[in-house]
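The structure file final.cif is reproduced below (mmCIF, C-alpha atoms).
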```
data_input
loop_
_atom_site.label_atom_id
_atom_site.label_comp_id
_atom_site.auth_asym_id
_atom_site.auth_seq_id
_atom_site.Cartn_x
_atom_site.Cartn_y
_atom_site.Cartn_z
CA MET P 34 13.10 -178.32 -93.82
CA LYS P 35 14.09 -181.61 -92.22
CA MET P 36 17.62 -181.87 -90.88
CA VAL P 37 19.86 -184.88 -91.48
CA HIS P 38 20.05 -187.15 -88.43
CA LEU P 39 23.64 -187.95 -87.56
CA PRO P 40 25.34 -189.76 -84.67
CA GLN P 41 25.44 -188.05 -81.31
CA SER P 42 28.95 -186.73 -81.93
CA LEU P 43 29.48 -184.90 -85.18
CA TYR P 44 33.17 -185.64 -84.95
CA SER P 45 32.83 -189.41 -85.25
CA THR P 46 35.02 -191.08 -87.87
CA ILE P 47 33.98 -190.04 -91.36
CA ALA P 48 35.19 -190.79 -94.86
CA ARG P 49 37.13 -188.21 -96.79
CA PRO P 50 34.49 -186.25 -98.73
CA GLN P 51 34.27 -185.38 -102.39
CA PHE P 52 33.17 -181.76 -102.41
CA PRO P 53 29.86 -181.14 -104.19
CA TYR P 54 30.49 -177.51 -105.05
CA PRO P 55 33.42 -175.66 -106.69
CA GLY P 56 36.50 -174.35 -104.96
CA LYS P 57 36.76 -176.85 -102.11
CA SER P 58 40.12 -178.39 -102.87
CA GLY P 59 43.49 -177.43 -101.56
CA TYR P 60 43.76 -178.62 -97.98
CA GLU P 61 44.74 -182.16 -99.03
CA THR P 62 48.42 -181.24 -99.45
CA GLU P 63 50.64 -180.98 -96.40
CA HIS P 64 51.64 -177.35 -95.88
CA ARG P 65 54.19 -175.57 -93.80
CA ARG P 66 52.55 -174.51 -90.54
CA ARG P 67 53.01 -170.97 -89.34
CA LYS P 68 54.00 -170.70 -85.70
CA VAL P 69 51.06 -168.58 -84.65
CA THR P 70 47.87 -169.22 -82.76
CA TRP P 71 44.45 -167.65 -83.15
CA ASN P 72 44.34 -166.58 -79.51
CA ARG P 73 47.20 -164.17 -80.13
CA PHE P 74 45.39 -162.32 -82.87
CA PRO P 75 43.77 -158.97 -82.05
CA VAL P 76 40.06 -158.53 -82.59
CA ILE P 77 39.03 -155.82 -85.05
CA VAL P 78 35.70 -154.07 -84.71
CA ARG P 79 34.50 -151.24 -86.94
CA CYS P 80 31.92 -148.89 -85.45
CA ALA P 81 30.66 -145.40 -86.15
CA SER P 82 30.96 -144.12 -82.59
CA THR P 83 31.20 -145.14 -78.98
CA GLU P 84 27.51 -144.33 -78.57
CA SER P 85 26.59 -146.93 -81.19
CA LEU P 86 27.88 -149.63 -78.83
CA ALA P 87 25.87 -148.45 -75.87
CA GLY P 88 23.31 -151.21 -76.26
CA LEU P 89 25.85 -153.98 -76.69
CA SER P 90 27.74 -155.86 -74.03
CA GLN P 91 31.55 -155.86 -73.96
CA LYS P 92 31.49 -159.53 -74.93
CA VAL P 93 29.48 -158.86 -78.08
CA GLU P 94 31.67 -155.86 -78.95
CA LEU P 95 34.89 -157.87 -78.85
CA LYS P 96 33.97 -161.20 -80.38
CA TYR P 97 33.79 -160.11 -84.04
CA MET P 98 36.64 -159.79 -86.51
CA VAL P 99 34.57 -157.33 -88.53
CA SER P 100 31.36 -155.52 -87.65
CA GLN P 101 29.71 -153.41 -90.34
CA HIS P 102 26.44 -152.96 -92.24
CA GLY P 103 24.62 -154.48 -89.26
CA TRP P 104 26.53 -157.79 -89.48
CA GLY P 105 29.20 -159.29 -87.28
CA VAL P 106 31.67 -161.85 -88.63
CA ARG P 107 33.54 -164.32 -86.43
CA ARG P 108 35.04 -167.78 -86.65
CA LEU P 109 32.73 -170.77 -86.44
CA ASN P 110 32.44 -172.25 -82.96
CA ARG P 111 33.95 -175.72 -83.40
CA GLU P 112 32.33 -176.93 -80.19
CA ASP P 113 28.79 -175.95 -81.17
CA GLU P 114 27.31 -178.89 -83.09
CA GLU P 115 24.06 -177.05 -83.79
CA GLU P 116 25.96 -174.11 -85.29
CA ILE P 117 27.97 -176.48 -87.49
CA ARG P 118 24.72 -177.98 -88.79
CA ARG P 119 23.36 -174.49 -89.37
CA VAL P 120 26.41 -173.54 -91.46
CA SER P 121 26.04 -176.68 -93.58
CA LEU P 122 22.38 -175.79 -94.18
CA VAL P 123 23.21 -172.24 -95.30
CA GLN P 124 25.81 -173.53 -97.77
CA ALA P 125 23.62 -176.39 -98.98
CA GLU P 126 20.69 -174.06 -99.69
CA ALA P 127 22.98 -171.70 -101.60
CA PHE P 128 24.69 -174.31 -103.79
CA HIS P 129 21.99 -176.95 -104.27
CA ILE P 130 20.59 -177.17 -107.79
CA PRO P 131 16.84 -177.98 -107.58
CA LEU P 132 15.68 -181.15 -109.31
CA ALA P 133 12.24 -181.81 -110.72
CA LEU P 134 11.83 -185.20 -109.03
CA PHE P 135 12.78 -186.21 -105.48
CA ASN P 136 14.24 -182.76 -104.81
CA ASP P 137 13.81 -183.00 -101.01
CA TYR P 138 15.63 -186.32 -100.93
CA PHE P 139 18.55 -185.06 -103.01
CA PHE P 140 18.77 -181.88 -100.95
CA LEU P 141 19.12 -183.85 -97.71
CA PHE P 142 21.81 -185.97 -99.32
CA PHE P 143 23.57 -182.84 -100.58
CA GLN P 144 23.46 -181.21 -97.15
CA ALA P 145 24.95 -184.35 -95.62
CA GLU P 146 27.85 -184.10 -98.09
CA VAL P 147 28.39 -180.45 -97.26
CA LEU P 148 28.31 -181.23 -93.54
CA SER P 149 30.76 -184.10 -94.00
CA GLY P 150 33.19 -181.83 -95.86
CA LEU P 151 32.95 -179.15 -93.19
CA LEU P 152 33.57 -181.64 -90.40
CA TYR P 153 36.57 -183.06 -92.18
CA LYS P 154 38.17 -179.64 -92.53
CA LEU P 155 37.43 -178.63 -88.94
CA LYS P 156 38.89 -181.86 -87.63
CA ASN P 157 41.97 -182.17 -89.84
CA SER P 158 43.05 -178.61 -90.69
CA PRO P 159 45.41 -176.62 -88.45
CA PRO P 160 43.63 -173.56 -87.01
CA ASP P 161 46.05 -171.24 -88.82
CA ARG P 162 45.55 -172.94 -92.20
CA TYR P 163 41.76 -173.08 -92.42
CA ALA P 164 38.93 -170.98 -91.03
CA CYS P 165 35.17 -171.05 -91.47
CA LEU P 166 33.87 -167.52 -90.97
CA VAL P 167 30.23 -166.93 -90.12
CA ALA P 168 28.05 -163.82 -90.23
CA GLU P 169 25.18 -162.96 -87.91
CA GLN P 170 23.25 -160.03 -86.57
CA PRO P 171 24.92 -159.05 -83.27
CA ASN P 172 22.70 -159.48 -80.24
CA GLU P 173 23.13 -160.39 -76.61
CA ALA P 174 20.90 -163.45 -76.72
CA GLU P 175 23.06 -166.46 -77.67
CA THR P 176 20.71 -169.33 -76.90
CA VAL P 177 20.24 -170.23 -80.59
CA SER P 178 22.69 -169.87 -83.48
CA ASN P 179 21.53 -167.14 -85.85
CA VAL P 180 24.22 -167.64 -88.50
CA VAL P 181 22.95 -166.50 -91.90
CA GLY P 182 26.18 -166.21 -93.89
CA VAL P 183 29.40 -168.20 -94.23
CA VAL P 184 32.70 -168.30 -96.13
CA ASP P 185 35.68 -170.68 -96.06
CA VAL P 186 39.31 -169.51 -96.10
CA THR P 187 42.09 -172.05 -96.72
CA ALA P 188 45.87 -171.73 -97.09
CA GLN P 189 46.98 -173.17 -100.44
CA THR P 190 50.06 -173.47 -102.66
CA GLU P 191 48.52 -174.17 -106.08
CA ASN P 192 50.99 -173.34 -108.85
CA SER P 193 48.27 -172.09 -111.20
CA VAL P 194 47.74 -169.20 -108.77
CA LEU P 195 51.29 -168.64 -107.52
CA ARG P 196 52.71 -168.28 -111.04
CA HIS P 197 51.00 -164.89 -111.18
CA PHE P 198 52.89 -163.74 -108.06
CA PRO P 199 56.65 -164.37 -108.26
CA GLY P 200 58.23 -164.65 -104.83
CA VAL P 201 54.98 -165.65 -103.09
CA ASP P 202 54.95 -169.26 -101.86
CA GLU P 203 51.37 -169.56 -100.55
CA TYR P 204 48.08 -167.69 -100.44
CA LEU P 205 44.59 -167.81 -98.92
CA TYR P 206 41.82 -169.28 -101.04
CA VAL P 207 38.27 -167.98 -100.51
CA SER P 208 35.42 -170.40 -101.25
CA GLY P 209 31.94 -171.49 -100.19
CA LEU P 210 30.63 -167.92 -99.84
CA ALA P 211 26.94 -168.34 -99.02
CA VAL P 212 24.19 -166.08 -97.68
CA SER P 213 20.69 -167.11 -96.62
CA GLU P 214 18.20 -166.16 -99.31
CA ALA P 215 16.16 -163.91 -97.00
CA GLN P 216 19.27 -161.89 -96.10
CA ARG P 217 20.72 -161.26 -99.55
CA ARG P 218 21.35 -157.78 -100.98
CA LYS P 219 22.06 -156.47 -97.49
CA LYS P 220 25.87 -156.21 -97.85
CA MET P 221 26.49 -159.38 -95.87
CA ALA P 222 28.66 -160.89 -98.62
CA SER P 223 30.77 -157.73 -98.68
CA THR P 224 31.19 -157.95 -94.90
CA LEU P 225 32.29 -161.59 -95.16
CA LEU P 226 34.86 -160.65 -97.81
CA LYS P 227 36.14 -157.87 -95.57
CA ALA P 228 36.65 -160.43 -92.82
CA CYS P 229 38.71 -162.51 -95.27
CA ASP P 230 40.94 -159.45 -95.76
CA VAL P 231 41.38 -159.15 -92.00
CA LEU P 232 42.23 -162.82 -91.62
CA CYS P 233 44.73 -162.64 -94.49
CA TYR P 234 46.49 -159.76 -92.75
CA LEU P 235 46.45 -161.43 -89.34
CA TRP P 236 47.88 -164.67 -90.68
CA GLY P 237 50.63 -162.85 -92.54
CA PHE P 238 49.56 -163.70 -96.10
CA LYS P 239 49.78 -161.27 -99.00
CA ILE P 240 47.42 -162.79 -101.57
CA LEU P 241 43.74 -163.75 -101.55
CA ALA P 242 42.35 -165.81 -104.42
CA LEU P 243 38.96 -167.13 -105.49
CA ARG P 244 37.19 -168.49 -108.56
CA ALA P 245 33.90 -167.35 -110.05
CA TYR P 246 31.88 -168.52 -113.01
CA GLU P 247 32.72 -166.48 -116.08
CA ASP P 248 29.06 -165.79 -116.89
CA ASP P 249 28.05 -164.91 -113.30
CA ALA P 250 28.03 -161.14 -113.62
CA ALA P 251 26.60 -160.53 -110.14
CA ALA P 252 29.31 -162.54 -108.37
CA ARG P 253 32.10 -161.05 -110.44
CA ASN P 254 30.81 -157.55 -109.72
CA LEU P 255 30.73 -158.34 -105.99
CA TYR P 256 34.33 -159.52 -106.03
CA SER P 257 35.49 -156.63 -108.21
CA ASN P 258 33.97 -154.14 -105.78
CA ALA P 259 35.84 -155.92 -102.98
CA GLY P 260 39.14 -155.36 -104.79
CA TYR P 261 39.60 -158.64 -106.71
CA ASN P 262 40.91 -158.65 -110.27
CA VAL P 263 40.70 -161.34 -112.95
CA VAL P 264 44.15 -162.81 -113.66
CA ALA P 265 43.28 -166.02 -115.56
CA SER P 266 40.43 -168.07 -117.02
CA ASP P 267 39.73 -171.76 -117.54
CA PRO P 268 40.81 -173.09 -120.97
CA PRO P 269 38.24 -172.52 -123.78
CA TRP P 270 37.58 -176.24 -124.15
CA THR P 271 36.30 -176.41 -120.55
CA SER P 272 32.86 -175.22 -121.66
CA THR P 273 32.50 -178.29 -123.89
CA TRP P 274 32.33 -180.56 -120.86
CA ILE P 275 28.79 -181.48 -119.87
CA GLY P 276 27.78 -179.68 -116.68
CA ARG P 277 31.01 -177.67 -116.51
CA LYS P 278 31.12 -173.89 -116.76
CA ARG P 279 34.18 -171.79 -117.41
CA ARG P 280 35.58 -170.01 -114.39
CA VAL P 281 37.84 -167.03 -113.87
CA LEU P 282 40.58 -166.76 -111.28
CA MET P 283 40.36 -163.52 -109.30
CA THR P 284 43.01 -162.36 -106.83
CA LYS P 285 43.63 -159.53 -104.40
CA ARG P 286 46.85 -158.34 -102.81
CA ILE P 287 46.80 -157.37 -99.14
CA SER P 288 49.40 -154.80 -98.08
#
```

Take the structure I supplied and represent it as structure tokens, if you would.
Amino acid sequence: MKMVHLPQSLYSTIARPQFPYPGKSGYETEHRRRKVTWNRFPVIVRCASTESLAGLSQKVELKYMVSQHGWGVRRLNREDEEEIRRVSLVQAEAFHIPLALFNDYFFLFFQAEVLSGLLYKLKNSPPDRYACLVAEQPNEAETVSNVVGVVDVTAQTENSVLRHFPGVDEYLYVSGLAVSEAQRRKKMASTLLKACDVLCYLWGFKILALRAYEDDAAARNLYSNAGYNVVASDPPWTSTWIGRKRRVLMTKRIS
């Protein structure tokens, strides 16, 4: 697969993107910043026993927010341009709809849009309002990014969500959950969702929210198993729009 050639610095001036896949809005509105920093947050690692860490270095042991099912989840390295490109590729492959003609061309264009959106959020979002979480198989060799899963978490104040939770003024929105095709059905998505729970707790939020297509039974089952419940659906007339599917709003309360 050919990669999109961009300027030497990924953080050069870019236009505000229009997101090509659902659930990417919400960071446009100015929000109240919480007076916390990521460096003050503890690192949480789940492991069966001390012996299971014998083959891992202390650095590997401590760098993950969540470590389970053979996957480690951490925040995206904002300084690693190759890792940022890798994340955009994982999401583009997961959300791209194949076309009969000129599919390669449209895929490269789609990946460029995904990359542009990711760069915009990394550059313009406070570190305690947005996080891109990535999943990988823990190992001591860090010469090449081996990210194979990703999810976005963004602080939002959308009334359509908050009206279900009186007294709550903001929540964390989960979107862009993507897993490389070769690594699916290996509980990576569940591990990424667990990391979202951890981040929600660390940032002091009480509610997680996401949207799934109403007819996507596999995705809805995944979220239900992770503790999300359906609280609302798109209006019935939504399905009459060409290319638009009805979605359900699913939420989870973190104690």

Could you state the separation of atom CA of Arg217 of chain P and atom CA of Val186 of chain P in Å, given to one decimal place?
->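 It comes out at 20.6 Å.
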
For Tyr206 of chain P: contacts at 12 Å, all atoms listed in the file, fewer than 4 positions along chain excluded, given as a VMD selection string | chain P and resid 55 to 60 162 to 165 184 to 191 194 to 195 210 226 229 to 230 232 to 233 238 to 244 282 to 285

Contacts of Val212 of chain P at 12 Å or less, counting only C-alpha atoms, minus same-chain residues fewer than 6 places along, as a list in words?
-> Trp104, Arg119, Val120, Ser121, Leu122, Val123, Gln124, Ala125, Glu126, Ala127, Phe128, Leu166, Val167, Ala168, Glu169, Val180, Val181, Gly182, Val183, Val184, Arg218, Lys219, Lys220, Met221, Ala222, Ser223, Thr224, Leu225 and Leu226 of chain P

Restrict the selected residues to C-alpha atoms and save them as a PDB file, in the coordinates of the input.
```pdb
ATOM      1  CA  TRP P 104      26.530-157.790 -89.480  1.00  0.00           C
ATOM      2  CA  ARG P 119      23.360-174.490 -89.370  1.00  0.00           C
ATOM      3  CA  VAL P 120      26.410-173.540 -91.460  1.00  0.00           C
ATOM      4  CA  SER P 121      26.040-176.680 -93.580  1.00  0.00           C
ATOM      5  CA  LEU P 122      22.380-175.790 -94.180  1.00  0.00           C
ATOM      6  CA  VAL P 123      23.210-172.240 -95.300  1.00  0.00           C
ATOM      7  CA  GLN P 124      25.810-173.530 -97.770  1.00  0.00           C
ATOM      8  CA  ALA P 125      23.620-176.390 -98.980  1.00  0.00           C
ATOM      9  CA  GLU P 126      20.690-174.060 -99.690  1.00  0.00           C
ATOM     10  CA  ALA P 127      22.980-171.700-101.600  1.00  0.00           C
ATOM     11  CA  PHE P 128      24.690-174.310-103.790  1.00  0.00           C
ATOM     12  CA  LEU P 166      33.870-167.520 -90.970  1.00  0.00           C
ATOM     13  CA  VAL P 167      30.230-166.930 -90.120  1.00  0.00           C
ATOM     14  CA  ALA P 168      28.050-163.820 -90.230  1.00  0.00           C
ATOM     15  CA  GLU P 169      25.180-162.960 -87.910  1.00  0.00           C
ATOM     16  CA  VAL P 180      24.220-167.640 -88.500  1.00  0.00           C
ATOM     17  CA  VAL P 181      22.950-166.500 -91.900  1.00  0.00           C
ATOM     18  CA  GLY P 182      26.180-166.210 -93.890  1.00  0.00           C
ATOM     19  CA  VAL P 183      29.400-168.200 -94.230  1.00  0.00           C
ATOM     20  CA  VAL P 184      32.700-168.300 -96.130  1.00  0.00           C
ATOM     21  CA  ARG P 218      21.350-157.780-100.980  1.00  0.00           C
ATOM     22  CA  LYS P 219      22.060-156.470 -97.490  1.00  0.00           C
ATOM     23  CA  LYS P 220      25.870-156.210 -97.850  1.00  0.00           C
ATOM     24  CA  MET P 221      26.490-159.380 -95.870  1.00  0.00           C
ATOM     25  CA  ALA P 222      28.660-160.890 -98.620  1.00  0.00           C
ATOM     26  CA  SER P 223      30.770-157.730 -98.680  1.00  0.00           C
ATOM     27  CA  THR P 224      31.190-157.950 -94.900  1.00  0.00           C
ATOM     28  CA  LEU P 225      32.290-161.590 -95.160  1.00  0.00           C
ATOM     29  CA  LEU P 226      34.860-160.650 -97.810  1.00  0.00           C
TER      30      LEU P 226
END
```

Leaving out Ser266 of chain P and any residue of its chain fewer than 5 positions from it, which residues lie within 8 Å of it when counting all atoms listed in the file, given as JSON, numbers by chain?
-> {"P": [247, 279, 280, 281, 282]}

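One distance worth recording is that between atom CA of Trp236 of chain P and atom CA of Leu255 of chain P, which is 23.8 Å.
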
Any idea what the distance is between atom CA of Ala259 of chain P and atom CA of Glu116 of chain P?
->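 Distance reported for this atom pair: 27.2 Å.
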
Can you tell me, as a ChimeraX atom specification, what residues are no more than 10 Å from Asn192 of chain P when counting all atoms listed in the file, ignoring any on the same chain fewer than 4 positions away?
-> /P:196-198,202-203

Using all atoms listed in the file: which of P:Gly209, P:Gly200, P:Pro269, P:Gly237 has the shortest distance to Leu151 of chain P =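 Nearest to Leu151 of chain P: P:Gly209.
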
With distances taken over all atoms listed in the file, the candidate from P:Arg286, P:His129, P:Lys227, P:Arg108 nearest Gln144 of chain P is P:His129
